[in-house]
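Novice: Please find one structure pasted underneath; my questions will follow.
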Amino acid sequence: MKQTSRIEINPERLLKDLKDLAQFGRLTTGVSRVSFSEADVQARHWLKTQMERAGLNAEFDAVGNVHGRTNTDAKSVIIGSHTDSVPVGGWLDGSLGVIYGLEIARSIIELGLANEIGIDVISFMDEEGTYLPCLGSKRFCRELGDDELAKGQSPSGERLPDAVERSGFMGNPEMSIDRARHLAYLEAHIEQGPRLEASRKEIGIVTGIVGIRRFKLEITGEADHAGTVPMSMRKDAGAAAIGLLHSLYKEIAKTKGPESVWNAGSIKFEPGAANVVPAKAEIIFEIRDLEPDILNALETSIHKTVENISPDDNITYLVTKTIDIPPSAMDTGLSDHILRSANAIGVSNMKMPSGAGHDAMVLSRHIQSAMLFIPSINGKSHSESEDTLEEHIITGCRVLAKTVESITSL
Ligand SMILES: [Zn+2]
């Protein structure tokens, strides 16, 4: 028989809050609420008001994180995510995890449980990295000093400290993890991919957030007239780049792990004219996996492919690693709380890695952290077509509430 939960959430109120939040920066179906935009700052003020109405002590910190906590000394679970979006984004990316926190905290207060179960709800600033990726969670975890913060800049050239000042957050108190009070960090998020939907599961329990290594592959030949120089006499960097990619896809498939993904997301030819043989080509190639050993093997296969192709002395190849973000494992004990909670209330589930970055990546370096995914319709996100069935939104919040109950009853 399915167990009931002590923390009963209110589904209508949860959905209303999500829809109300989606009015800030609203597009046709999605939102545009990049960090420190008027819509983002207004949404943060709205959120602070909702937290206060729920009975939480709510404050902005010095970078614009919104932080609401139950007004007791009870041990507390941090529930967070972000309310900023990409420029043309969806209504649930980030917002879901924050509003889950609000609804769970509000239910706990209403049910008179706040002396036993503490909740801190946080909307972190700029997870999407308009100025600096995971700005809010890095600052909250004391990973980001003033010097590094000062280097943050938007694509339009506004400096991060100027954005903080303009938005009225400058000089607010700093906030961070309170080891005496905080037990764990939980983040719920839409999956942003098609796997849960394809597997017909209601929630995903995230095993970890994949590491990312990015490489710049530079291929150099010589420019020539595309009509007058015979094929055999050309040093064609463009043709060489395409040949290299073809070999790379074949080679990497031999070394991949079950969860590995890779992408050649950008390829450029110079000078880039129809009647000129390309003198240079540049490919940006990215690999992602949860396992450092597999990432190492994939990286080796990139170098091996280039070496095998290199004897052609008409062309030179250069591989430079430009990004190396290590994988973040989620806490297995905490993930088991999600698993048991989902099973206890009869919610279908599966374990899965996260292919995208999240604030939990930062938090997991400082406090035991876990993530829960709910399905994305057609796997879409970072676009206006991002959506999730209401029943899945409600189920995810119930599982998270049950998980909070499970963690705090130890
Ligand atoms: Zn997100």
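Letters A, B, ... mark the chains of the structure tokens in the order given; residue numbers begin at 1 per chain; ligand numbers begin at 1, in order shown.
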Using only C-alpha atoms and all ligand atoms, determine which residues fall within 8 Å of ligand 1, then list them as a short mmCIF file (atom, residue, chain, number, x, y, z; two decimals) with C-alpha atoms, in the first residue's frame.
Specialist:
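Printed below is result14.cif as written:
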data_model
loop_
_atom_site.label_atom_id
_atom_site.label_comp_id
_atom_site.auth_asym_id
_atom_site.auth_seq_id
_atom_site.Cartn_x
_atom_site.Cartn_y
_atom_site.Cartn_z
CA SER A 81 17.65 26.34 -8.17
CA HIS A 82 17.52 29.54 -10.26
CA SER A 85 16.72 32.11 -17.82
CA ASP A 93 14.03 25.70 -16.26
CA GLY A 94 15.18 26.67 -12.75
CA SER A 95 11.82 28.10 -11.65
CA GLU A 127 22.99 30.04 -13.14
CA GLU A 128 22.73 30.46 -16.90
CA HIS A 189 14.77 20.39 -12.27
CA ILE A 190 13.17 19.52 -15.57
CA GLY A 357 25.19 21.79 -15.57
CA HIS A 358 23.22 22.90 -12.50
CA ASP A 359 23.76 24.79 -9.23
#
Novice: Residues within 7 Å of A:Arg214, please, as a short mmCIF file (atom, residue, chain, number, x, y, z; two decimals) with N, CA, C and O atoms, in the first residue's frame. Count only C-alpha atoms; anything in the same chain fewer than 3 positions from it doesn't count.
Specialist:
data_model
loop_
_atom_site.label_atom_id
_atom_site.label_comp_id
_atom_site.auth_asym_id
_atom_site.auth_seq_id
_atom_site.Cartn_x
_atom_site.Cartn_y
_atom_site.Cartn_z
N PHE A 285 35.10 20.86 -30.57
CA PHE A 285 34.64 19.50 -30.29
C PHE A 285 34.53 19.30 -28.78
O PHE A 285 35.43 19.65 -28.04
N GLU A 286 33.41 18.73 -28.36
CA GLU A 286 33.14 18.61 -26.92
C GLU A 286 32.81 17.17 -26.57
O GLU A 286 32.11 16.49 -27.32
N ILE A 287 33.30 16.69 -25.43
CA ILE A 287 32.93 15.36 -24.92
C ILE A 287 32.36 15.49 -23.51
O ILE A 287 32.79 16.36 -22.75
N LYS A 321 43.06 21.95 -25.62
CA LYS A 321 41.92 21.78 -24.69
C LYS A 321 41.56 23.15 -24.12
O LYS A 321 42.41 23.83 -23.55
N THR A 322 40.31 23.58 -24.28
CA THR A 322 39.94 24.92 -23.84
C THR A 322 39.08 24.92 -22.58
O THR A 322 39.04 25.91 -21.85
N ILE A 323 38.38 23.81 -22.31
CA ILE A 323 37.54 23.72 -21.11
C ILE A 323 37.67 22.32 -20.54
O ILE A 323 37.69 21.33 -21.28
N ASP A 324 37.80 22.24 -19.20
CA ASP A 324 37.85 20.94 -18.53
C ASP A 324 37.09 21.05 -17.21
O ASP A 324 37.63 21.48 -16.20
#
Novice: Neighbouring residues of A:Ala342 were defined as those with any atom within 10 Å, considering only C-alpha atoms; residues of the same chain fewer than 4 positions away were excluded. Please report them as an NGL selection string.
Specialist: :A and (202-205 or 336-338 or 346-349 or 395-396 or 398-400 or 402-403)
Novice: Taking only C-alpha atoms into account, which of A:Met330, A:Ile99, A:Ala163, A:Val31 comes nearest A:Leu18?
Specialist: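 The shortest atom-to-atom distance to A:Leu18 comes from A:Ile99.
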Novice: Here is a test: counting only C-alpha atoms, which residue of A:Ile294, A:Glu390, A:Val86, A:Thr49 is nearest to A:Ala253?
Specialist: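 For A:Ala253, the nearest of the candidates is A:Ile294.
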Novice: Can you pull out the residues contacting stretch 135-140 of chain A? Cut-off 6 Å, using only C-alpha atoms, and skip same-chain residues under 2 positions away; I want them as a PyMOL selection string.
Specialist: chain A and resi 65+124-126+132-133+142-144+175-176+359
Novice: Keeping C-alpha atoms for every residue in the selection just given, could you write it to a file as a PDB file, in the first residue's frame?
Specialist:
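File written: again_9.pdb
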ATOM      1  CA  ASN A  65      20.356  35.422  -4.449  1.00  0.00           C
ATOM      2  CA  PHE A 124      20.526  31.466  -7.070  1.00  0.00           C
ATOM      3  CA  MET A 125      21.605  34.319  -9.346  1.00  0.00           C
ATOM      4  CA  ASP A 126      22.819  33.815 -12.922  1.00  0.00           C
ATOM      5  CA  LEU A 132      29.292  34.382 -14.803  1.00  0.00           C
ATOM      6  CA  PRO A 133      27.978  30.777 -14.803  1.00  0.00           C
ATOM      7  CA  ARG A 142      32.382  30.987  -0.949  1.00  0.00           C
ATOM      8  CA  GLU A 143      34.060  29.820  -4.144  1.00  0.00           C
ATOM      9  CA  LEU A 144      33.998  33.246  -5.727  1.00  0.00           C
ATOM     10  CA  MET A 175      24.937  34.311   2.849  1.00  0.00           C
ATOM     11  CA  SER A 176      26.444  30.869   2.913  1.00  0.00           C
ATOM     12  CA  ASP A 359      23.763  24.788  -9.234  1.00  0.00           C
TER      13      ASP A 359
END
Novice: I'd like to know which of A:Ile252, A:Val88, A:Ile79, A:Val362 is closest to A:Glu299, using only C-alpha atoms.
Specialist: A:Ile252
Novice: May I have the residues within 9 Å of stretch 232-240 of chain A as a PDB file with N, CA and C atoms, in the first residue's frame, using only C-alpha atoms and disregarding those fewer than 2 positions away in the same chain?
Specialist:
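Output file around20.pdb is given in full below:
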ATOM      1  N   ILE A 219      43.117  23.278 -38.140  1.00  0.00           N
ATOM      2  CA  ILE A 219      43.668  22.594 -39.306  1.00  0.00           C
ATOM      3  C   ILE A 219      44.139  23.681 -40.270  1.00  0.00           C
ATOM      4  N   THR A 220      45.437  23.604 -40.656  1.00  0.00           N
ATOM      5  CA  THR A 220      45.998  24.667 -41.483  1.00  0.00           C
ATOM      6  C   THR A 220      46.516  24.123 -42.811  1.00  0.00           C
ATOM      7  N   GLY A 221      46.087  24.726 -43.907  1.00  0.00           N
ATOM      8  CA  GLY A 221      46.582  24.386 -45.250  1.00  0.00           C
ATOM      9  C   GLY A 221      47.016  25.664 -45.944  1.00  0.00           C
ATOM     10  N   GLU A 222      46.578  25.817 -47.197  1.00  0.00           N
ATOM     11  CA  GLU A 222      46.932  27.037 -47.932  1.00  0.00           C
ATOM     12  C   GLU A 222      45.765  27.463 -48.809  1.00  0.00           C
ATOM     13  N   ALA A 223      45.536  28.759 -48.860  1.00  0.00           N
ATOM     14  CA  ALA A 223      44.476  29.275 -49.730  1.00  0.00           C
ATOM     15  C   ALA A 223      44.934  29.209 -51.189  1.00  0.00           C
ATOM     16  N   ASP A 224      43.982  28.891 -52.082  1.00  0.00           N
ATOM     17  CA  ASP A 224      44.276  28.853 -53.525  1.00  0.00           C
ATOM     18  C   ASP A 224      43.009  29.215 -54.278  1.00  0.00           C
ATOM     19  N   VAL A 229      43.527  25.700 -59.517  1.00  0.00           N
ATOM     20  CA  VAL A 229      44.531  24.777 -58.964  1.00  0.00           C
ATOM     21  C   VAL A 229      43.956  23.358 -58.968  1.00  0.00           C
ATOM     22  N   PRO A 230      44.638  22.397 -59.601  1.00  0.00           N
ATOM     23  CA  PRO A 230      44.118  21.017 -59.663  1.00  0.00           C
ATOM     24  C   PRO A 230      43.943  20.434 -58.259  1.00  0.00           C
ATOM     25  N   ILE A 242      36.945  17.982 -42.537  1.00  0.00           N
ATOM     26  CA  ILE A 242      35.795  17.075 -42.649  1.00  0.00           C
ATOM     27  C   ILE A 242      36.262  15.618 -42.560  1.00  0.00           C
ATOM     28  N   GLY A 243      37.404  15.324 -43.169  1.00  0.00           N
ATOM     29  CA  GLY A 243      37.990  13.982 -43.067  1.00  0.00           C
ATOM     30  C   GLY A 243      38.332  13.646 -41.625  1.00  0.00           C
ATOM     31  N   LEU A 244      38.892  14.622 -40.931  1.00  0.00           N
ATOM     32  CA  LEU A 244      39.260  14.415 -39.530  1.00  0.00           C
ATOM     33  C   LEU A 244      38.017  14.117 -38.685  1.00  0.00           C
ATOM     34  N   LEU A 245      36.970  14.886 -38.892  1.00  0.00           N
ATOM     35  CA  LEU A 245      35.740  14.682 -38.114  1.00  0.00           C
ATOM     36  C   LEU A 245      35.143  13.304 -38.370  1.00  0.00           C
ATOM     37  N   LYS A 268      34.412  26.237 -38.651  1.00  0.00           N
ATOM     38  CA  LYS A 268      34.593  27.489 -39.411  1.00  0.00           C
ATOM     39  C   LYS A 268      35.710  27.316 -40.429  1.00  0.00           C
ATOM     40  N   PHE A 269      35.504  27.865 -41.619  1.00  0.00           N
ATOM     41  CA  PHE A 269      36.548  27.864 -42.644  1.00  0.00           C
ATOM     42  C   PHE A 269      37.026  29.296 -42.877  1.00  0.00           C
ATOM     43  N   GLU A 270      38.308  29.425 -43.135  1.00  0.00           N
ATOM     44  CA  GLU A 270      38.850  30.744 -43.512  1.00  0.00           C
ATOM     45  C   GLU A 270      39.548  30.615 -44.861  1.00  0.00           C
ATOM     46  N   VAL A 277      39.995  27.996 -51.916  1.00  0.00           N
ATOM     47  CA  VAL A 277      40.271  26.766 -51.162  1.00  0.00           C
ATOM     48  C   VAL A 277      40.560  27.177 -49.710  1.00  0.00           C
ATOM     49  N   PRO A 278      39.883  26.567 -48.711  1.00  0.00           N
ATOM     50  CA  PRO A 278      40.082  26.994 -47.321  1.00  0.00           C
ATOM     51  C   PRO A 278      41.541  26.872 -46.866  1.00  0.00           C
ATOM     52  N   ALA A 279      42.059  27.948 -46.294  1.00  0.00           N
ATOM     53  CA  ALA A 279      43.425  27.954 -45.768  1.00  0.00           C
ATOM     54  C   ALA A 279      43.453  27.424 -44.337  1.00  0.00           C
ATOM     55  N   LYS A 280      42.358  27.667 -43.609  1.00  0.00           N
ATOM     56  CA  LYS A 280      42.289  27.235 -42.204  1.00  0.00           C
ATOM     57  C   LYS A 280      40.896  26.705 -41.890  1.00  0.00           C
ATOM     58  N   ALA A 281      40.851  25.756 -40.984  1.00  0.00           N
ATOM     59  CA  ALA A 281      39.551  25.307 -40.468  1.00  0.00           C
ATOM     60  C   ALA A 281      39.671  25.190 -38.963  1.00  0.00           C
ATOM     61  N   GLU A 282      38.572  25.476 -38.273  1.00  0.00           N
ATOM     62  CA  GLU A 282      38.563  25.345 -36.809  1.00  0.00           C
ATOM     63  C   GLU A 282      37.294  24.606 -36.401  1.00  0.00           C
ATOM     64  N   ASN A 314      50.973  18.119 -46.184  1.00  0.00           N
ATOM     65  CA  ASN A 314      50.379  19.329 -46.760  1.00  0.00           C
ATOM     66  C   ASN A 314      49.582  20.117 -45.722  1.00  0.00           C
ATOM     67  N   ILE A 315      49.184  19.425 -44.688  1.00  0.00           N
ATOM     68  CA  ILE A 315      48.255  20.006 -43.714  1.00  0.00           C
ATOM     69  C   ILE A 315      48.840  19.863 -42.316  1.00  0.00           C
ATOM     70  N   THR A 316      48.647  20.883 -41.441  1.00  0.00           N
ATOM     71  CA  THR A 316      49.062  20.726 -40.041  1.00  0.00           C
ATOM     72  C   THR A 316      47.833  20.754 -39.136  1.00  0.00           C
TER      73      THR A 316
END
Novice: Can you check which residues of stretch 31-90 of chain A DSSP gives as helix (DSSP H, G or I) on the backbone and send them as a list in words?
Specialist: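 So the helix (DSSP H, G or I) residues in stretch 31-90 of chain A would be Glu38, Ala39, Asp40, Val41, Gln42, Ala43, Arg44, His45, Trp46, Leu47, Lys48, Thr49, Gln50, Met51, Glu52, Arg53 and Ala54 of chain A.
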Novice: Could you give me, as JSON, numbers by chain, the residues within 8 Å of A:Ile104, counting only C-alpha atoms and dropping anything in the same chain fewer than 6 positions from it?
Specialist: {"A": [7, 9, 397, 401]}
Novice: Keeping only N, CA, C and O atoms, write the selected residues as a short mmCIF file (atom, residue, chain, number, x, y, z; two decimals), in the first residue's frame.
Specialist:
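That gives us again-v7.cif:
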data_model
loop_
_atom_site.label_atom_id
_atom_site.label_comp_id
_atom_site.auth_asym_id
_atom_site.auth_seq_id
_atom_site.Cartn_x
_atom_site.Cartn_y
_atom_site.Cartn_z
N ILE A 7 4.08 15.81 4.99
CA ILE A 7 4.09 17.11 4.30
C ILE A 7 3.20 17.00 3.06
O ILE A 7 3.62 16.50 2.03
N ILE A 9 1.55 18.75 0.08
CA ILE A 9 1.65 20.01 -0.67
C ILE A 9 0.30 20.34 -1.30
O ILE A 9 -0.57 19.48 -1.41
N CYS A 397 6.98 17.32 -7.01
CA CYS A 397 6.98 18.07 -5.74
C CYS A 397 6.62 17.16 -4.57
O CYS A 397 7.19 17.27 -3.49
N ALA A 401 8.95 16.52 -1.36
CA ALA A 401 8.45 16.75 0.01
C ALA A 401 8.66 15.49 0.87
O ALA A 401 9.10 15.57 2.01
#
